[in-house]
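Enquirer: Here you go, one structure.
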There are 4 protein chains.
Amino acid sequence: MIYTLKRKARYYETDQMGIVHHSNYIRWFEEARTEYLEEIGLPYEKIEQEGLLIPVLSCSCVYKSPVKFDEEINVSITETSFNGLKFTVKYEVTSATDNSLKTTGESSHCFLDSKFNPILIKKTKPDFYRMFTETFGR
Amino acid sequence: MIYTLKRKARYYETDQMGIVHHSNYIRWFEEARTEYLEEIGLPYEKIEQEGLLIPVLSCSCVYKSPVKFDEEINVSITETSFNGLKFTVKYEVTSATDNSLKTTGESSHCFLDSKFNPILIKKTKPDFYRMFTETFGR
Amino acid sequence: MIYTLKRKARYYETDQMGIVHHSNYIRWFEEARTEYLEEIGLPYEKIEQEGLLIPVLSCSCVYKSPVKFDEEINVSITETSFNGLKFTVKYEVTSATDNSLKTTGESSHCFLDSKFNPILIKKTKPDFYRMFTETFGR
Amino acid sequence: MIYTLKRKARYYETDQMGIVHHSNYIRWFEEARTEYLEEIGLPYEKIEQEGLLIPVLSCSCVYKSPVKFDEEINVSITETSFNGLKFTVKYEVTSATDNSLKTTGESSHCFLDSKFNPILIKKTKPDFYRMFTETFGR
């Protein structure tokens, strides 16, 4: 695991099937990603202050076993990559009590300026580029 | 009724009690308010283009009877007022099938500029002021 | 298009990037799917009354162009398939004003009984099986 | 403070005004309430296993100052009361960095059986009644 966020499933995240609604895992991935970026010195706040936006290009989720209300879970980042233009993050949600696998997922992201135009951060933000290359891998 | 929005309760809006989660009514109120503002010539888009923000100062909700998944409901604006500085909207959610009362609520709002400073729209946005006075009442 | 749901992007669906948060598309897919199932005679209500649950096995979303607040959009079902055990739905979100492509996505689903055990609907729910085979294709 | 939940504002909780959407505070209140009930020996899980539902009768929120993305906040329970039939909880959201007041709120709740009929817990659940009386006040 590259990074793990500990969390509880919240009541408002459940649906009438009695389990966490599938859309919320996408939000949990974002929580883990945000925390991880902060940990490696790239807090979103700083990123957006630089006039950079990091939208989601794609995301996917495979549901193995449902998470129930109040369950303690780990939302882990298991793999990252960066090709200079976009970066990809892989996730796993597991039970914090028995470690069983709940969900796997993936998201990919690019860099835009504040007008939503693509940015080549290698040129315009060499510091960010270096940090991404170092931590996200090639 | 001053304005009524027709809507269905969505699956992702339910919780494990098998009813719509109470926080979602606040969102439905916003939907009705937004549509109503648009109808009276004040679409949010235009408002924000003018550099105006309309945050929520307070909101409240009284739950009379639960709304279930897929139920057709009416989200109505029943009363509005405007004192020159802030405006207030009252809401009712009713069943579209038997008209029974589900929820009542209220929200109040003020006007801010894009830096979150209070605005006296009577002076800076006399057109908006006139429209609010005419439609929201004294 | 097999089915199209018309919808507006709501204020509470936006995030601070000024666009609809990416997790909400997954919810829009659910809205379209639910409406479509209802149209072909399989309202969720009826499905759950039969003791059937239809959880999501996987979902994915590719974001082409952001949707902004108050934009009119079409959430379309473009393709479906059913192999007897699970069914798959493909989606497209397009602008209702200029028809431009916003998002594509996919979800797959299976059938469980109320205790979350897999069900062979061909045996236990032949009516449902027939309807799914007819409308979702082989 | 009777109980305080520490939390961060999440990106998906923001709206295009660049602040946490007002509906989310209602969800934060629920998080704090759930954690508090667990702490006093009344985990929701146990409550629902007993066949008890605790719906929300009313809620309200007064917004003093916006919470921004990634801000550390305290969601505190400041006051509780219980009259034998329903209980009320008061909340405060404050900044964890400078302690400034963000929001105040309140919610009230009753007890229902699994068919949504009101329950006199003094009779049917004397243990719960005693715990509520002891911890929530008269």
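Residues are referred to by chain and number: the chain letter is A, B, ... according to the order shown in the structure tokens, the number counts from 1 in that chain, and ligands are numbered separately from 1 in the order shown.
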Taking the chain letters and numbering used in this document, name the residues of segment 72-128 of chain A that DSSP puts in helix (DSSP H, G or I), as a ChimeraX atom specification.
Expert: /A:121-124,126-128
Enquirer: Take the residues from that selection and write them out as a PDB file, in the first residue's frame, keeping all heavy atoms.
Expert:
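Everything below was put into out16.pdb:
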ATOM      1  N   ILE A 121       2.828  20.550 -17.545  1.00  0.00           N
ATOM      2  CA  ILE A 121       3.441  21.009 -16.291  1.00  0.00           C
ATOM      3  C   ILE A 121       4.960  20.882 -16.311  1.00  0.00           C
ATOM      4  O   ILE A 121       5.633  21.537 -15.529  1.00  0.00           O
ATOM      5  CB  ILE A 121       2.844  20.327 -15.037  1.00  0.00           C
ATOM      6  CG1 ILE A 121       3.080  18.824 -15.019  1.00  0.00           C
ATOM      7  CG2 ILE A 121       1.387  20.652 -14.856  1.00  0.00           C
ATOM      8  CD1 ILE A 121       2.858  18.230 -13.630  1.00  0.00           C
ATOM      9  N   LYS A 122       5.472  20.052 -17.167  1.00  0.00           N
ATOM     10  CA  LYS A 122       6.937  19.949 -17.268  1.00  0.00           C
ATOM     11  C   LYS A 122       7.541  21.324 -17.542  1.00  0.00           C
ATOM     12  O   LYS A 122       8.587  21.682 -17.006  1.00  0.00           O
ATOM     13  CB  LYS A 122       7.311  18.988 -18.400  1.00  0.00           C
ATOM     14  CG  LYS A 122       8.783  18.618 -18.424  1.00  0.00           C
ATOM     15  CD  LYS A 122       9.058  17.525 -19.445  1.00  0.00           C
ATOM     16  CE  LYS A 122      10.528  17.105 -19.397  1.00  0.00           C
ATOM     17  NZ  LYS A 122      10.777  15.935 -20.266  1.00  0.00           N
ATOM     18  N   LYS A 123       6.847  22.106 -18.373  1.00  0.00           N
ATOM     19  CA  LYS A 123       7.325  23.444 -18.715  1.00  0.00           C
ATOM     20  C   LYS A 123       6.878  24.492 -17.706  1.00  0.00           C
ATOM     21  O   LYS A 123       7.670  25.278 -17.201  1.00  0.00           O
ATOM     22  CB  LYS A 123       6.778  23.846 -20.097  1.00  0.00           C
ATOM     23  CG  LYS A 123       7.548  23.262 -21.249  1.00  0.00           C
ATOM     24  CD  LYS A 123       7.193  24.003 -22.544  1.00  0.00           C
ATOM     25  CE  LYS A 123       8.067  23.529 -23.697  1.00  0.00           C
ATOM     26  NZ  LYS A 123       7.631  24.092 -24.974  1.00  0.00           N
ATOM     27  N   THR A 124       5.550  24.522 -17.449  1.00  0.00           N
ATOM     28  CA  THR A 124       5.009  25.650 -16.684  1.00  0.00           C
ATOM     29  C   THR A 124       5.138  25.470 -15.172  1.00  0.00           C
ATOM     30  O   THR A 124       5.174  26.456 -14.444  1.00  0.00           O
ATOM     31  CB  THR A 124       3.530  25.884 -17.044  1.00  0.00           C
ATOM     32  OG1 THR A 124       2.819  24.666 -16.819  1.00  0.00           O
ATOM     33  CG2 THR A 124       3.376  26.294 -18.499  1.00  0.00           C
ATOM     34  N   PRO A 126       7.601  23.228 -13.294  1.00  0.00           N
ATOM     35  CA  PRO A 126       8.654  22.195 -13.182  1.00  0.00           C
ATOM     36  C   PRO A 126       8.744  21.570 -11.780  1.00  0.00           C
ATOM     37  O   PRO A 126       9.078  20.389 -11.663  1.00  0.00           O
ATOM     38  CB  PRO A 126       9.937  22.955 -13.554  1.00  0.00           C
ATOM     39  CG  PRO A 126       9.596  24.399 -13.507  1.00  0.00           C
ATOM     40  CD  PRO A 126       8.139  24.515 -13.771  1.00  0.00           C
ATOM     41  N   ASP A 127       8.432  22.349 -10.736  1.00  0.00           N
ATOM     42  CA  ASP A 127       8.470  21.794  -9.382  1.00  0.00           C
ATOM     43  C   ASP A 127       7.444  20.670  -9.223  1.00  0.00           C
ATOM     44  O   ASP A 127       7.745  19.599  -8.699  1.00  0.00           O
ATOM     45  CB  ASP A 127       8.166  22.881  -8.345  1.00  0.00           C
ATOM     46  CG  ASP A 127       9.334  23.836  -8.182  1.00  0.00           C
ATOM     47  OD1 ASP A 127      10.363  23.640  -8.857  1.00  0.00           O
ATOM     48  OD2 ASP A 127       9.203  24.785  -7.396  1.00  0.00           O
ATOM     49  N   PHE A 128       6.230  20.973  -9.651  1.00  0.00           N
ATOM     50  CA  PHE A 128       5.167  19.970  -9.584  1.00  0.00           C
ATOM     51  C   PHE A 128       5.531  18.750 -10.421  1.00  0.00           C
ATOM     52  O   PHE A 128       5.307  17.613 -10.023  1.00  0.00           O
ATOM     53  CB  PHE A 128       3.849  20.561 -10.107  1.00  0.00           C
ATOM     54  CG  PHE A 128       3.101  21.363  -9.098  1.00  0.00           C
ATOM     55  CD1 PHE A 128       3.730  21.864  -7.966  1.00  0.00           C
ATOM     56  CD2 PHE A 128       1.746  21.637  -9.254  1.00  0.00           C
ATOM     57  CE1 PHE A 128       3.038  22.609  -7.025  1.00  0.00           C
ATOM     58  CE2 PHE A 128       1.049  22.381  -8.322  1.00  0.00           C
ATOM     59  CZ  PHE A 128       1.690  22.866  -7.215  1.00  0.00           C
TER      60      PHE A 128
END
Enquirer: Against chain A, which residues of chain D fall within 7 Å? For each one I want the closest pair of atoms and the distance in Å (one decimal), counting only C-alpha atoms, rows by chain and increasing residue number, as a Markdown table.
Expert:
| residue | atom | partner | partner_atom | distance |
| --- | --- | --- | --- | --- |
| D:Arg10 | CA | A:Glu31 | CA | 6.8 |
| D:Tyr12 | CA | A:Arg27 | CA | 6.7 |
| D:Arg27 | CA | A:Tyr12 | CA | 6.7 |
| D:Glu31 | CA | A:Arg10 | CA | 6.8 |
Enquirer: Grab the residues selected above and save them as a PDB file, in the first residue's frame with C-alpha atoms.
Expert:
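Result file is selection_0.pdb:
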ATOM      1  CA  ARG D  10     -14.082  17.131   1.556  1.00  0.00           C
ATOM      2  CA  TYR D  12     -17.036  16.591  -3.067  1.00  0.00           C
ATOM      3  CA  ARG D  27     -24.920  15.188   7.345  1.00  0.00           C
ATOM      4  CA  GLU D  31     -22.034  11.857  11.923  1.00  0.00           C
TER       5      GLU D  31
END
Enquirer: Just how far from atom CA of Lys46 of chain A is atom CA of Gly105 of chain A, in Å to one decimal?
Expert: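 So the answer is 26.1 Å.
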Enquirer: If you count only C-alpha atoms, which residues fall within 12 Å of Ile40 of chain D, apart from same-chain ones fewer than 2 positions away, as a PDB file with C-alpha atoms, in the first residue's frame?
Expert:
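out.pdb, freshly written:
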ATOM      1  CA  ILE D   2     -20.716  17.084  25.286  1.00  0.00           C
ATOM      2  CA  TYR D   3     -19.004  15.435  22.335  1.00  0.00           C
ATOM      3  CA  ARG D  33     -24.802  12.229  16.654  1.00  0.00           C
ATOM      4  CA  THR D  34     -24.058   8.675  15.531  1.00  0.00           C
ATOM      5  CA  GLU D  35     -20.593   8.720  17.082  1.00  0.00           C
ATOM      6  CA  TYR D  36     -21.964  10.182  20.301  1.00  0.00           C
ATOM      7  CA  LEU D  37     -24.685   7.550  20.560  1.00  0.00           C
ATOM      8  CA  GLU D  38     -22.015   4.913  20.047  1.00  0.00           C
ATOM      9  CA  LEU D  42     -26.098   3.106  21.948  1.00  0.00           C
ATOM     10  CA  PRO D  43     -24.547   2.254  18.604  1.00  0.00           C
ATOM     11  CA  TYR D  44     -27.047   2.629  15.763  1.00  0.00           C
ATOM     12  CA  PHE D 128     -32.714   2.301  26.232  1.00  0.00           C
ATOM     13  CA  ARG D 130     -32.796   4.570  31.144  1.00  0.00           C
ATOM     14  CA  MET D 131     -29.697   5.269  29.060  1.00  0.00           C
ATOM     15  CA  PHE D 132     -31.394   8.114  27.225  1.00  0.00           C
ATOM     16  CA  THR D 133     -32.697   9.630  30.435  1.00  0.00           C
ATOM     17  CA  GLU D 134     -29.292   9.433  32.051  1.00  0.00           C
ATOM     18  CA  THR D 135     -27.266  10.833  29.171  1.00  0.00           C
ATOM     19  CA  PHE D 136     -29.688  13.132  27.346  1.00  0.00           C
TER      20      PHE D 136
END
Enquirer: Report as a VMD selection string all protein, DNA and RNA residues lying within 12 Å of Thr103 of chain A, evaluated on only C-alpha atoms, omitting residues in the same chain fewer than 3 positions from it.
Expert: (chain A and resid 20 22 to 26 28 to 29 60 to 67 73 to 77 90 to 95 99 to 100 106) or (chain C and resid 56 to 59)
Enquirer: I'd like the interatomic distance between atom CA of Thr80 of chain B and atom CA of Phe111 of chain B, to a tenth of an Å.
Expert: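 It comes out at 15.8 Å.
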